[in-house]
Each structure stands twice: as C-alpha cells, then as structure tokens.
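Participant: File name upload.txt; file contents compact mmCIF, C-alpha atoms and all ligand atoms; full text below.
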```
# COMPACT_ATOMS: atom_id res chain seq x y z
CA MET A 1067 -136.26 -19.25 -22.93
CA ALA A 1068 -136.59 -21.56 -25.89
CA THR A 1069 -140.01 -20.21 -26.76
CA ASP A 1070 -138.97 -16.58 -26.22
CA HIS A 1071 -135.89 -16.72 -28.40
CA PRO A 1072 -136.15 -19.64 -30.81
CA ILE A 1073 -133.68 -18.20 -33.31
CA ARG A 1074 -130.99 -17.62 -30.72
CA VAL A 1075 -131.40 -21.00 -29.09
CA GLU A 1076 -131.20 -22.80 -32.41
CA GLN A 1077 -128.18 -20.70 -33.40
CA SER A 1078 -126.40 -21.54 -30.16
CA ARG A 1079 -126.77 -25.21 -30.87
CA ARG A 1080 -125.36 -24.64 -34.33
CA ASP A 1081 -122.47 -22.60 -32.96
CA VAL A 1082 -121.36 -25.47 -30.81
CA LEU A 1083 -121.77 -27.98 -33.61
CA LYS A 1084 -119.58 -25.93 -35.88
CA PHE A 1085 -116.53 -27.26 -34.14
CA ALA A 1086 -117.57 -30.80 -34.81
CA GLY A 1087 -115.79 -30.63 -38.14
CA VAL A 1088 -118.72 -31.72 -40.28
CA SER A 1089 -121.74 -30.05 -41.77
CA PHE A 1090 -124.89 -29.94 -39.71
CA ALA A 1091 -126.52 -32.50 -41.96
CA ALA A 1092 -123.55 -34.78 -41.49
CA ALA A 1093 -123.54 -34.05 -37.76
CA ALA A 1094 -127.12 -35.19 -37.62
CA ALA A 1095 -126.09 -38.40 -39.31
CA VAL A 1096 -123.13 -39.18 -37.08
CA GLY A 1097 -124.15 -37.47 -33.88
CA GLY A 1098 -127.87 -37.87 -33.67
CA VAL A 1099 -128.66 -34.18 -34.09
CA GLY A 1100 -132.26 -34.40 -35.15
CA GLY A 1101 -134.02 -31.61 -36.97
CA VAL A 1102 -131.02 -29.42 -37.79
CA GLY A 1103 -130.31 -29.95 -41.44
CA GLY A 1104 -129.42 -26.54 -42.84
CA VAL A 1105 -127.06 -23.67 -42.30
CA SER A 1106 -127.79 -19.98 -42.46
CA GLY A 1107 -126.26 -16.69 -41.46
CA VAL A 1108 -126.92 -15.11 -38.08
CA ARG A 1109 -127.79 -11.55 -38.94
CA GLY A 1110 -131.52 -12.21 -38.79
CA ALA A 1111 -131.25 -12.21 -35.01
CA SER A 1112 -130.13 -8.55 -34.86
CA ALA A 1113 -132.05 -6.37 -32.44
CA ALA A 1114 -134.01 -3.37 -33.72
CA ILE A 1115 -132.27 -0.03 -33.40
CA ALA A 1116 -133.68 3.00 -31.65
CA LEU A 1117 -132.73 5.62 -34.23
CA PRO A 1118 -135.66 7.49 -35.79
CA ARG A 1119 -136.56 6.33 -39.28
CA ARG A 1120 -138.87 7.26 -42.07
CA ALA A 1121 -141.92 5.20 -42.92
CA GLY A 1122 -140.97 2.28 -45.13
CA GLN A 1123 -137.40 2.00 -43.89
CA PRO A 1124 -136.26 -1.38 -42.57
CA THR A 1125 -136.46 -1.86 -38.81
CA THR A 1126 -132.90 -3.11 -38.48
CA ALA A 1127 -129.73 -1.34 -39.43
CA PRO A 1128 -128.19 -2.63 -42.67
CA GLN A 1129 -125.00 -4.53 -41.95
CA PRO A 1130 -122.10 -4.95 -44.37
CA ALA A 1131 -121.89 -8.29 -46.12
CA THR A 1132 -118.15 -7.89 -46.58
CA GLN A 1133 -115.34 -5.56 -45.63
CA GLY A 1134 -112.78 -4.19 -48.02
CA ALA A 1135 -109.91 -6.26 -46.69
CA GLY A 1136 -109.56 -10.02 -46.61
CA PHE A 1137 -105.80 -10.28 -46.50
CA TYR A 1138 -102.99 -8.37 -44.83
CA GLU A 1139 -99.39 -8.63 -45.99
CA LEU A 1140 -96.08 -8.16 -44.23
CA THR A 1141 -92.56 -8.40 -45.54
CA LEU A 1142 -90.33 -10.24 -43.10
CA GLY A 1143 -86.86 -10.20 -44.62
CA ASP A 1144 -86.92 -12.73 -47.46
CA ALA A 1145 -90.48 -13.85 -46.65
CA ARG A 1146 -93.78 -12.34 -47.63
CA VAL A 1147 -96.34 -13.28 -44.99
CA SER A 1148 -100.06 -12.78 -45.44
CA VAL A 1149 -102.84 -13.17 -42.91
CA VAL A 1150 -105.78 -14.40 -44.98
CA SER A 1151 -109.29 -14.31 -43.55
CA ASP A 1152 -111.66 -17.25 -43.78
CA GLY A 1153 -114.43 -15.17 -42.17
CA TRP A 1154 -116.00 -15.59 -38.74
CA PHE A 1155 -118.66 -17.42 -36.79
CA SER A 1156 -120.65 -16.92 -33.63
CA PHE A 1157 -119.41 -18.34 -30.35
CA ASN A 1158 -122.55 -18.22 -28.26
CA PRO A 1159 -123.06 -18.72 -25.45
CA PRO A 1160 -119.51 -17.72 -24.45
CA HIS A 1161 -119.62 -19.75 -21.24
CA PRO A 1162 -118.52 -22.48 -20.74
CA THR A 1163 -117.24 -22.51 -24.34
CA LEU A 1164 -114.52 -19.87 -23.95
CA ALA A 1165 -113.43 -20.83 -20.43
CA ALA A 1166 -114.75 -24.03 -18.95
CA ASN A 1167 -112.75 -23.54 -15.74
CA ALA A 1168 -114.01 -20.00 -15.03
CA THR A 1169 -117.47 -18.89 -13.96
CA LYS A 1170 -120.09 -17.42 -16.27
CA GLU A 1171 -119.76 -14.12 -14.42
CA GLN A 1172 -115.98 -14.09 -14.87
CA VAL A 1173 -116.20 -14.78 -18.60
CA GLU A 1174 -118.91 -12.21 -19.21
CA GLY A 1175 -116.98 -9.71 -17.08
CA ALA A 1176 -113.81 -10.20 -19.14
CA LEU A 1177 -115.76 -9.72 -22.37
CA LYS A 1178 -117.40 -6.54 -21.08
CA ASP A 1179 -113.99 -5.24 -19.98
CA ALA A 1180 -112.99 -5.50 -23.66
CA PHE A 1181 -116.24 -3.88 -24.86
CA VAL A 1182 -117.54 -7.17 -26.27
CA ASP A 1183 -121.26 -7.92 -25.90
CA PRO A 1184 -121.48 -11.33 -24.16
CA ALA A 1185 -124.68 -11.98 -26.14
CA ASP A 1186 -122.89 -11.56 -29.48
CA VAL A 1187 -119.44 -13.12 -29.33
CA ARG A 1188 -117.80 -13.67 -32.68
CA VAL A 1189 -114.67 -15.62 -33.41
CA GLN A 1190 -112.66 -14.89 -36.51
CA VAL A 1191 -110.78 -17.43 -38.58
CA ASN A 1192 -107.41 -16.45 -40.04
CA CYS A 1193 -105.04 -18.57 -42.08
CA LEU A 1194 -101.45 -17.67 -42.95
CA LEU A 1195 -99.76 -17.71 -46.35
CA ILE A 1196 -95.97 -17.62 -46.44
CA ARG A 1197 -94.17 -16.93 -49.68
CA THR A 1198 -90.41 -17.35 -49.84
CA PRO A 1199 -88.09 -17.48 -52.84
CA ARG A 1200 -88.78 -21.24 -53.17
CA ASP A 1201 -92.04 -22.00 -51.38
CA THR A 1202 -95.68 -20.95 -51.09
CA VAL A 1203 -96.84 -22.39 -47.79
CA LEU A 1204 -100.38 -22.21 -46.43
CA ILE A 1205 -100.90 -22.60 -42.69
CA ASP A 1206 -104.38 -24.06 -42.15
CA THR A 1207 -107.18 -24.11 -44.68
CA GLY A 1208 -110.15 -22.66 -42.78
CA THR A 1209 -113.63 -24.09 -42.63
CA GLY A 1210 -114.13 -24.90 -46.29
CA GLY A 1211 -117.43 -23.03 -45.93
CA ALA A 1212 -118.86 -25.73 -43.66
CA PHE A 1213 -119.81 -23.38 -40.83
CA GLY A 1214 -122.38 -21.18 -42.56
CA ALA A 1215 -122.58 -18.05 -44.65
CA THR A 1216 -120.04 -15.93 -42.77
CA ASN A 1217 -116.97 -18.06 -43.43
CA GLY A 1218 -115.27 -20.09 -46.12
CA THR A 1219 -113.73 -16.99 -47.71
CA LEU A 1220 -110.14 -18.26 -47.86
CA LEU A 1221 -110.10 -19.18 -51.56
CA LYS A 1222 -111.78 -15.92 -52.57
CA ASN A 1223 -109.24 -13.91 -50.60
CA LEU A 1224 -106.32 -15.92 -51.98
CA SER A 1225 -107.69 -15.23 -55.47
CA ASN A 1226 -107.84 -11.52 -54.66
CA MET A 1227 -104.13 -11.78 -53.80
CA GLY A 1228 -103.43 -13.44 -57.14
CA VAL A 1229 -102.77 -16.83 -55.55
CA LYS A 1230 -104.33 -19.94 -57.09
CA PRO A 1231 -104.73 -23.20 -55.13
CA ALA A 1232 -102.31 -24.85 -57.58
CA ASP A 1233 -99.61 -22.33 -56.58
CA VAL A 1234 -99.45 -23.64 -52.99
CA THR A 1235 -96.48 -25.98 -52.54
CA ALA A 1236 -97.12 -26.98 -48.91
CA VAL A 1237 -100.09 -26.99 -46.52
CA ILE A 1238 -99.31 -27.22 -42.81
CA ILE A 1239 -102.30 -28.06 -40.58
CA THR A 1240 -101.89 -26.81 -37.01
CA HIS A 1241 -104.47 -29.30 -35.72
CA LEU A 1242 -107.34 -31.36 -37.05
CA HIS A 1243 -110.32 -29.30 -35.88
CA GLY A 1244 -112.88 -28.36 -38.53
CA ASP A 1245 -112.22 -24.62 -38.63
CA HIS A 1246 -108.59 -25.36 -39.54
CA MET A 1247 -108.76 -28.33 -41.86
CA LEU A 1248 -112.11 -28.70 -43.59
CA GLY A 1249 -110.70 -26.62 -46.45
CA VAL A 1250 -108.14 -29.37 -47.16
CA LEU A 1251 -110.68 -31.19 -49.34
CA ASN A 1252 -112.93 -29.79 -52.02
CA ALA A 1253 -116.57 -30.72 -52.62
CA GLU A 1254 -115.46 -33.83 -54.50
CA GLY A 1255 -113.38 -34.98 -51.55
CA LYS A 1256 -110.11 -34.30 -53.38
CA PRO A 1257 -107.26 -32.09 -52.08
CA THR A 1258 -108.06 -28.43 -52.72
CA PHE A 1259 -104.36 -27.62 -52.97
CA ALA A 1260 -103.53 -30.40 -55.37
CA ASN A 1261 -99.81 -29.64 -55.82
CA ALA A 1262 -99.05 -29.22 -52.13
CA GLU A 1263 -97.34 -31.52 -49.68
CA HIS A 1264 -99.62 -31.71 -46.61
CA LEU A 1265 -97.97 -31.73 -43.19
CA VAL A 1266 -99.33 -32.32 -39.69
CA HIS A 1267 -97.77 -33.29 -36.36
CA LYS A 1268 -97.42 -37.03 -35.84
CA ASP A 1269 -99.23 -36.96 -32.49
CA GLU A 1270 -102.16 -35.11 -34.06
CA HIS A 1271 -102.47 -37.57 -36.92
CA ASP A 1272 -102.11 -40.61 -34.68
CA PHE A 1273 -104.70 -39.36 -32.15
CA TRP A 1274 -107.46 -38.96 -34.74
CA ALA A 1275 -106.45 -41.95 -36.87
CA ALA A 1276 -106.71 -44.33 -33.89
CA GLU A 1277 -109.67 -46.59 -33.23
CA THR A 1278 -110.28 -45.08 -29.78
CA HIS A 1279 -109.71 -41.53 -28.52
CA ASP A 1280 -108.89 -40.37 -25.02
CA PHE A 1281 -111.14 -37.40 -24.20
CA SER A 1282 -111.07 -38.11 -20.45
CA GLN A 1283 -109.54 -34.68 -19.68
CA SER A 1284 -111.74 -32.72 -22.07
CA LYS A 1285 -114.82 -30.69 -21.13
CA LEU A 1286 -116.36 -31.29 -24.56
CA PRO A 1287 -119.92 -32.61 -24.42
CA LYS A 1288 -119.91 -36.29 -25.33
CA ASP A 1289 -122.46 -35.87 -28.11
CA MET A 1290 -120.05 -33.60 -29.99
CA LEU A 1291 -117.19 -36.08 -30.12
CA PRO A 1292 -118.41 -38.22 -33.05
CA GLY A 1293 -118.55 -35.14 -35.28
CA PHE A 1294 -114.99 -34.10 -34.37
CA ILE A 1295 -113.70 -37.59 -35.02
CA ALA A 1296 -115.56 -38.01 -38.31
CA GLY A 1297 -114.27 -34.68 -39.64
CA ALA A 1298 -110.65 -35.49 -38.79
CA LYS A 1299 -110.83 -39.02 -40.18
CA LYS A 1300 -112.33 -37.74 -43.43
CA VAL A 1301 -109.47 -35.30 -44.00
CA ILE A 1302 -106.79 -37.83 -43.00
CA ALA A 1303 -108.26 -40.27 -45.49
CA GLY A 1304 -108.65 -37.70 -48.28
CA ALA A 1305 -105.16 -36.19 -48.31
CA LYS A 1306 -101.75 -37.77 -47.95
CA PHE A 1307 -100.02 -36.29 -44.89
CA THR A 1308 -96.33 -36.04 -44.09
CA LEU A 1309 -95.91 -36.41 -40.33
CA VAL A 1310 -93.71 -34.01 -38.35
CA ASP A 1311 -92.26 -34.69 -34.91
CA GLY A 1312 -90.63 -32.28 -32.44
CA GLU A 1313 -89.58 -28.69 -33.14
CA LYS A 1314 -88.45 -28.82 -36.74
CA GLU A 1315 -87.68 -26.49 -39.63
CA VAL A 1316 -89.88 -27.98 -42.35
CA ARG A 1317 -89.03 -25.41 -45.01
CA PRO A 1318 -86.22 -22.81 -44.93
CA GLY A 1319 -87.29 -20.22 -42.33
CA ILE A 1320 -90.53 -22.07 -41.40
CA THR A 1321 -90.38 -24.02 -38.15
CA VAL A 1322 -93.01 -26.20 -36.49
CA VAL A 1323 -93.22 -25.50 -32.73
CA PRO A 1324 -95.09 -28.21 -30.79
CA SER A 1325 -97.70 -26.78 -28.41
CA ALA A 1326 -99.87 -29.72 -27.41
CA GLY A 1327 -102.89 -29.45 -25.14
CA HIS A 1328 -105.62 -27.89 -27.21
CA THR A 1329 -105.23 -31.10 -29.19
CA ALA A 1330 -102.78 -33.96 -28.92
CA GLY A 1331 -100.47 -32.57 -31.59
CA HIS A 1332 -101.35 -28.89 -31.81
CA ILE A 1333 -98.49 -26.85 -33.29
CA ALA A 1334 -97.49 -23.22 -33.66
CA ILE A 1335 -95.47 -22.03 -36.65
CA GLN A 1336 -92.49 -19.69 -36.48
CA VAL A 1337 -91.60 -17.74 -39.60
CA ASP A 1338 -88.10 -16.26 -39.72
CA GLY A 1339 -87.36 -14.21 -42.81
CA GLY A 1340 -83.80 -13.45 -41.62
CA GLY A 1341 -82.38 -10.27 -40.18
CA GLY A 1342 -83.36 -10.58 -36.53
CA ALA A 1343 -86.45 -10.45 -34.32
CA LYS A 1344 -88.15 -7.78 -36.41
CA ASN A 1345 -88.50 -10.34 -39.19
CA VAL A 1346 -89.85 -13.16 -37.00
CA LEU A 1347 -93.54 -13.96 -36.59
CA LEU A 1348 -94.98 -16.68 -34.37
CA TYR A 1349 -98.37 -17.98 -35.54
CA MET A 1350 -99.99 -19.51 -32.46
CA SER A 1351 -103.11 -20.96 -34.09
CA ASP A 1352 -105.57 -21.95 -31.29
CA THR A 1353 -103.44 -20.82 -28.37
CA VAL A 1354 -105.94 -17.93 -28.21
CA HIS A 1355 -109.64 -18.19 -29.08
CA HIS A 1356 -110.62 -14.70 -28.00
CA PRO A 1357 -108.28 -11.84 -27.11
CA ALA A 1358 -110.53 -10.69 -24.26
CA ILE A 1359 -110.17 -14.08 -22.60
CA GLN A 1360 -106.80 -15.79 -22.91
CA PHE A 1361 -104.46 -12.78 -22.98
CA PRO A 1362 -105.56 -11.40 -19.60
CA HIS A 1363 -106.43 -14.89 -18.30
CA PRO A 1364 -103.99 -17.40 -19.80
CA ASP A 1365 -105.08 -20.04 -17.28
CA TRP A 1366 -108.65 -20.13 -18.62
CA ALA A 1367 -109.12 -23.16 -20.86
CA VAL A 1368 -111.61 -23.42 -23.71
CA MET A 1369 -114.12 -26.24 -23.70
CA PHE A 1370 -112.48 -27.66 -26.82
CA ASP A 1371 -109.12 -28.36 -25.17
CA ALA A 1372 -108.31 -32.08 -25.18
CA ASN A 1373 -106.01 -31.56 -22.18
CA PRO A 1374 -106.73 -28.19 -20.52
CA ASP A 1375 -103.75 -28.23 -18.13
CA LEU A 1376 -101.35 -28.97 -20.95
CA ALA A 1377 -102.99 -26.32 -23.15
CA VAL A 1378 -102.50 -23.70 -20.43
CA ALA A 1379 -98.84 -24.68 -20.00
CA SER A 1380 -98.25 -24.48 -23.77
CA ARG A 1381 -99.97 -21.08 -23.93
CA ARG A 1382 -97.80 -19.65 -21.14
CA ARG A 1383 -94.68 -21.06 -22.79
CA LEU A 1384 -95.50 -19.49 -26.17
CA PHE A 1385 -96.53 -16.18 -24.58
CA ASP A 1386 -93.31 -16.01 -22.56
CA ARG A 1387 -91.22 -16.91 -25.61
CA ALA A 1388 -92.85 -14.22 -27.77
CA ALA A 1389 -92.66 -11.59 -25.03
CA ALA A 1390 -88.99 -12.32 -24.30
CA ASP A 1391 -88.00 -12.45 -27.98
CA ARG A 1392 -90.14 -9.36 -28.77
CA VAL A 1393 -91.37 -11.03 -31.96
CA ARG A 1394 -94.69 -10.47 -33.62
CA LEU A 1395 -97.55 -12.86 -33.00
CA SER A 1396 -100.50 -13.96 -35.05
CA GLY A 1397 -103.22 -16.50 -34.42
CA ALA A 1398 -106.19 -18.18 -36.01
CA HIS A 1399 -108.78 -16.43 -33.86
CA ILE A 1400 -107.15 -13.12 -33.01
CA PRO A 1401 -109.17 -10.40 -34.79
CA PHE A 1402 -108.00 -9.49 -38.28
CA PRO A 1403 -105.37 -8.48 -39.22
CA SER A 1404 -104.16 -10.58 -36.31
CA VAL A 1405 -100.65 -9.16 -35.99
CA GLY A 1406 -99.23 -7.74 -32.78
CA HIS A 1407 -96.97 -8.15 -29.79
CA ILE A 1408 -97.53 -9.44 -26.29
CA ARG A 1409 -96.17 -8.20 -22.97
CA LYS A 1410 -96.58 -9.34 -19.40
CA GLN A 1411 -99.03 -7.26 -17.42
CA ALA A 1412 -97.62 -5.06 -14.68
CA ALA A 1413 -97.97 -6.72 -11.27
CA SER A 1414 -100.40 -3.99 -10.24
CA VAL A 1415 -102.69 -4.96 -13.13
CA GLY A 1416 -102.70 -8.75 -13.07
CA LYS A 1417 -100.87 -11.94 -13.88
CA GLY A 1418 -101.86 -12.08 -17.50
CA TYR A 1419 -100.61 -10.51 -20.70
CA ASP A 1420 -101.52 -7.50 -22.79
CA TRP A 1421 -102.09 -7.85 -26.52
CA VAL A 1422 -100.60 -4.87 -28.37
CA PRO A 1423 -101.85 -4.75 -31.96
CA ALA A 1424 -99.14 -3.80 -34.45
CA MET A 1425 -99.47 -0.65 -36.48
CA TRP A 1426 -101.16 -1.37 -39.81
CA GLU A 1427 -98.46 -1.34 -42.50
CA TRP A 1428 -99.48 -0.01 -45.90
ZN ZN B 1501 -109.83 -22.96 -34.07
```
Could you render the structure from this file as structure tokens?

Facilitator:
Amino acid sequence: MATDHPIRVEQSRRDVLKFAGVSFAAAAAVGGVGGVGGVSGVRGASAAIALPRRAGQPTTAPQPATQGAGFYELTLGDARVSVVSDGWFSFNPPHPTLAANATKEQVEGALKDAFVDPADVRVQVNCLLIRTPRDTVLIDTGTGGAFGATNGTLLKNLSNMGVKPADVTAVIITHLHGDHMLGVLNAEGKPTFANAEHLVHKDEHDFWAAETHDFSQSKLPKDMLPGFIAGAKKVIAGAKFTLVDGEKEVRPGITVVPSAGHTAGHIAIQVDGGGGAKNVLLYMSDTVHHPAIQFPHPDWAVMFDANPDLAVASRRRLFDRAAADRVRLSGAHIPFPSVGHIRKQAASVGKGYDWVPAMWEW
C-alpha cells in the first residue's frame, strides 16, 4: 500500500497531524514525527479523468483554486451574522477519524449514502462574525494557515467584507483545537485581533493549562497528544483570555452555551438578534464534523472527542433544542454556507436527524 500510493499515505499522516494544533515542522519537534517537515496542497493526488482530450492537454481536470464566495451574511433582527470560510482540509482516511465507535463499513456506507467519496473526504472550516450596534464579535479564528494551502483564508475573506482585524472587539474561542484557535496569534506570536477581548470557557482553559491532561476516555492516538497540548498552551500563553463559566450572555444577544465532551470546555454560541426564533442562530462549532455522519448518526463519536459519551449527549441536547425551537443552525464543519435547520428523522427512517439547508438569501 505504501509503495503503491506514497502520496496518499503521506497525506493521510498529514491529515491526522493537522489537528495537533501545530505546524508539521513543530509537530516533528514535539511529537517525534520524523521526515515530515513541509506542507503542500492535496490536488496533486487527483485521479486522471476519462474524457477525451487533445494532444498536449493536461491529463487531469483543472480544479478551481478558489470559489467566488468566502462569506455569507444574514440579518437576524439587530444583528448582522456572517459565516466566514477559513477553507478546508482533507480528512482521510475517514475511519476511525469520523466515527471511532462505528465500523469502517458503516462510516463508508454513510458517506456513500450522502454521495461523498470515502477516498476523498474533505472537512470545511467556518468561523462566524457577529456585528451588532455595539460589538464586532468573531467566533473562532480558523487554522491561521497552519494546515496547508487550502485553508487560512479567514483574514482574506474578512478583508473582502471590509472588516479589518482591528475592528474586532471580541474573539470567542469555542475550544482550543488548532483549526479553531491557531488564528488567534499572528506569525510574530502576537494577537491577530489586537483590540479584542478574548474569551474561552473556564473548563477549556484549565484543561489545557494544567500540567497533566486526562485523555483516558479519548480514542486519539497517543503520539498526537503532545501536538494538541503544545498548540493550546501556545495560544493560552500568547493571548490574555477572559474565562466564561456556565450558560452566559457575554455580549447583548450573544450567549455561550456549554456543550462539553468534544473537549472539556467546548461551547456553542447562540445569537439572538431579537424578534423571535426567526432571528436566532445556534452555532454548534464541533458538534458536527461531517453532515453525512453525525446528523443521521448522532451517537457516532469522532476520534478527537476527549469524552465521547459526553460529546454524544451534548450533541443530542443541542440537536433537540434547535429542532424544538426551530432556530437556524451553523457549525464549524458543516459545508459552506453552513446555515440550515434540523429535524428528527421519521421513525420509519431512523433515529437520527435530517439537516435541511436554508435557502440562500441574496
Ligand atoms: Zn474542528
């Protein structure tokens, strides 16, 4: 296998390391990852197409480097809410990564049911910007470009919206995994959003800041843990965090909703612009890593969950809350523009949930 597909095997190793929260060079330093010192895109692994072509044409189909859209805006009463893309990265192989407590056949079957190629699973990264009459609040900061050429687009997309880093008055980090917080610091190790108050849940901060870390429930490979810990400690040390505890409105209309399990202090964010459920959006962050997996199978737990049982319970609680309240949902890894509703599946279909993407609003 390794000799037949060297690019794919190397890429898979990189995919897993991406979550470590540090660059591959740094991962090598802290985690003993020998020989992997650089980062590159993944498109070189594309298979040749079968369409006829003229002599001299390339053997692979050209793929777009970018799409036209990198942000999507909604008006929710007094709040302007924007889903802002930080790009995407590969998530291969999908098992056990996407569902450590399901079989390979089950995971690949669920992906195929959603018309996703199990050999090419991509996970998107979406942040949320909330503008109210008094605040400009950024929920998560993306990868900071640490995961390769296909991500780290947050600042560019904010610029395209006319938003400068200095405009952001608060940064709320849903949890201290690399794809959510490596954008907190710039290349000089200083806060990217220099005028912002940074907020994180107390349990999240305290877990990573501690000398020892309880991963006894996690299915994460042991050799990945040092990278996760180093990434979180670096960000905690580089930015001053205000610690939040319990369900709390941290800015008018912006409420932290604890949803521990994926990490010790993982949080969701509820935005309420006033005027009823139609102006409420619940950003679930890493409650869902892939729509083909955790909507129909909410009991399947990703390998990255610190406490899988607790993560499943939090997911069901948020899903039930959003379905009952009929509010819109968004999430870090739900495909862009990452806005929709959720409903319980009919008993004849299953015990999961259906994701119903919202109509695109122009
Ligand atoms: Zn994530």

Participant: Collect all residues with atoms no farther than 8 Å from ligand ZN 1501 (chain B), counting all atoms listed in the file, and output them as JSON, numbers by chain.

Facilitator: {"A": [1085, 1191, 1243, 1244, 1245, 1246, 1351, 1352, 1355, 1398, 1399]}

Participant: Would you please work out which residue, of A:Lys1222, A:Lys1300, A:Arg1317, A:Lys1417, is nearest to Val1237 (chain A) when using only C-alpha atoms?

Facilitator: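 Closest candidate: A:Arg1317.
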
Participant: Need the shell around Leu1347 (chain A): protein/DNA/RNA residues with any atom at most 6 Å away, counting all atoms listed in the file. Skip same-chain ones fewer than 4 positions apart. Format as a ChimeraX atom specification?

Facilitator: /A:1336-1337,1393-1395

Participant: May I ask which of the residues A:Asp1179, A:Asp1391, A:Glu1263, A:Asp1375 is the closest one to Gly1327 (chain A), counting all atoms listed in the file?

Facilitator: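 For Gly1327 (chain A), the nearest of the given residues is A:Asp1375.
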
Participant: Of the residues A:Arg1392, A:Ala1296, A:Trp1366, A:Pro1318, which is the one nearest to Thr1169 (chain A), using all atoms listed in the file?

Facilitator: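 Result for the nearest residue to Thr1169 (chain A): A:Trp1366.
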
Participant: Separation of CA of Asn1261 (chain A) and CA of Thr1308 (chain A), in Å?

Facilitator: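 Taking CA of Asn1261 (chain A) and CA of Thr1308 (chain A), their separation equals 13.8 Å.
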
Participant: Give me the residues within 10 Å of Leu1286 (chain A) as a PyMOL selection string, counting all atoms listed in the file and dropping any in the same chain fewer than 3 places off.

Facilitator: chain A and resi 1082+1162-1163+1166+1281-1283+1289-1291+1368-1372

Participant: Dump as a list of chain:residue names all residues having an atom at most 6 Å from (-118.8, -13.6, -31.0), computed in the file's coordinates with all atoms listed in the file.

Facilitator: A:Ser1156, A:Phe1157, A:Asp1186, A:Val1187, A:Arg1188, A:Val1189

Participant: Check the smallest atom-to-atom distance from each of A:His1267, A:Lys1256, A:Arg1197, A:His1328 to Ala1236 (chain A) using all atoms listed in the file, then report the winner.

Facilitator: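 Selected residue with least distance to Ala1236 (chain A): A:Arg1197.
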
Participant: Identify, on the basis of all atoms listed in the file, every residue whose closest approach to His1241 (chain A) does not exceed 8 Å; exclude the query and any residue fewer than 3 positions from it along the same chain; express the result as a ChimeraX atom specification.

Facilitator: /A:1246-1247,1266-1267,1270,1329,1331-1333

Participant: A:Thr1198, A:Asn1252, A:Ser1284, A:Ser1151: which is nearest Leu1220 (chain A), counting all atoms listed in the file?

Facilitator: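 Comparing A:Thr1198, A:Asn1252, A:Ser1284, A:Ser1151 against Leu1220 (chain A), the winner is A:Ser1151.
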
Participant: So the first atom is CA of Leu1194 (chain A) and the second is CA of Pro1423 (chain A); what is the distance between them in Å, to one decimal place?

Facilitator: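 Straight-line distance from CA of Leu1194 (chain A) to CA of Pro1423 (chain A) works out to 17.0 Å.
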
Participant: From the list A:Thr1353, A:Ser1404, A:Ser1414, A:Thr1219, which residue is nearest Leu1384 (chain A) when using only C-alpha atoms?

Facilitator: A:Thr1353

Participant: So how far away is CA of Gly1214 (chain A) from CA of Gly1297 (chain A), in Å?

Facilitator: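 Value for the CA of Gly1297 (chain A)-CA of Gly1214 (chain A) distance: 16.0 Å.
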
Participant: List every protein, DNA or RNA residue that has an atom no more than 12 Å from (-95.8, -11.0, -27.0) in the file's coordinate frame, counting only C-alpha atoms, and report them as a PDB file with C-alpha atoms, in the frame of the given file.

Facilitator:
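Wrote selection.pdb, looks like this:
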```
ATOM      1  CA  ALA A1343     -86.450 -10.450 -34.320  1.00  0.00           C
ATOM      2  CA  VAL A1346     -89.850 -13.160 -37.000  1.00  0.00           C
ATOM      3  CA  LEU A1347     -93.540 -13.960 -36.590  1.00  0.00           C
ATOM      4  CA  LEU A1348     -94.980 -16.680 -34.370  1.00  0.00           C
ATOM      5  CA  TYR A1349     -98.370 -17.980 -35.540  1.00  0.00           C
ATOM      6  CA  MET A1350     -99.990 -19.510 -32.460  1.00  0.00           C
ATOM      7  CA  PHE A1361    -104.460 -12.780 -22.980  1.00  0.00           C
ATOM      8  CA  ARG A1381     -99.970 -21.080 -23.930  1.00  0.00           C
ATOM      9  CA  ARG A1382     -97.800 -19.650 -21.140  1.00  0.00           C
ATOM     10  CA  ARG A1383     -94.680 -21.060 -22.790  1.00  0.00           C
ATOM     11  CA  LEU A1384     -95.500 -19.490 -26.170  1.00  0.00           C
ATOM     12  CA  PHE A1385     -96.530 -16.180 -24.580  1.00  0.00           C
ATOM     13  CA  ASP A1386     -93.310 -16.010 -22.560  1.00  0.00           C
ATOM     14  CA  ARG A1387     -91.220 -16.910 -25.610  1.00  0.00           C
ATOM     15  CA  ALA A1388     -92.850 -14.220 -27.770  1.00  0.00           C
ATOM     16  CA  ALA A1389     -92.660 -11.590 -25.030  1.00  0.00           C
ATOM     17  CA  ALA A1390     -88.990 -12.320 -24.300  1.00  0.00           C
ATOM     18  CA  ASP A1391     -88.000 -12.450 -27.980  1.00  0.00           C
ATOM     19  CA  ARG A1392     -90.140  -9.360 -28.770  1.00  0.00           C
ATOM     20  CA  VAL A1393     -91.370 -11.030 -31.960  1.00  0.00           C
ATOM     21  CA  ARG A1394     -94.690 -10.470 -33.620  1.00  0.00           C
ATOM     22  CA  LEU A1395     -97.550 -12.860 -33.000  1.00  0.00           C
ATOM     23  CA  SER A1396    -100.500 -13.960 -35.050  1.00  0.00           C
ATOM     24  CA  GLY A1397    -103.220 -16.500 -34.420  1.00  0.00           C
ATOM     25  CA  VAL A1405    -100.650  -9.160 -35.990  1.00  0.00           C
ATOM     26  CA  GLY A1406     -99.230  -7.740 -32.780  1.00  0.00           C
ATOM     27  CA  HIS A1407     -96.970  -8.150 -29.790  1.00  0.00           C
ATOM     28  CA  ILE A1408     -97.530  -9.440 -26.290  1.00  0.00           C
ATOM     29  CA  ARG A1409     -96.170  -8.200 -22.970  1.00  0.00           C
ATOM     30  CA  LYS A1410     -96.580  -9.340 -19.400  1.00  0.00           C
ATOM     31  CA  GLN A1411     -99.030  -7.260 -17.420  1.00  0.00           C
ATOM     32  CA  GLY A1418    -101.860 -12.080 -17.500  1.00  0.00           C
ATOM     33  CA  TYR A1419    -100.610 -10.510 -20.700  1.00  0.00           C
ATOM     34  CA  ASP A1420    -101.520  -7.500 -22.790  1.00  0.00           C
ATOM     35  CA  TRP A1421    -102.090  -7.850 -26.520  1.00  0.00           C
ATOM     36  CA  VAL A1422    -100.600  -4.870 -28.370  1.00  0.00           C
ATOM     37  CA  PRO A1423    -101.850  -4.750 -31.960  1.00  0.00           C
ATOM     38  CA  ALA A1424     -99.140  -3.800 -34.450  1.00  0.00           C
TER      39      ALA A1424
END
```
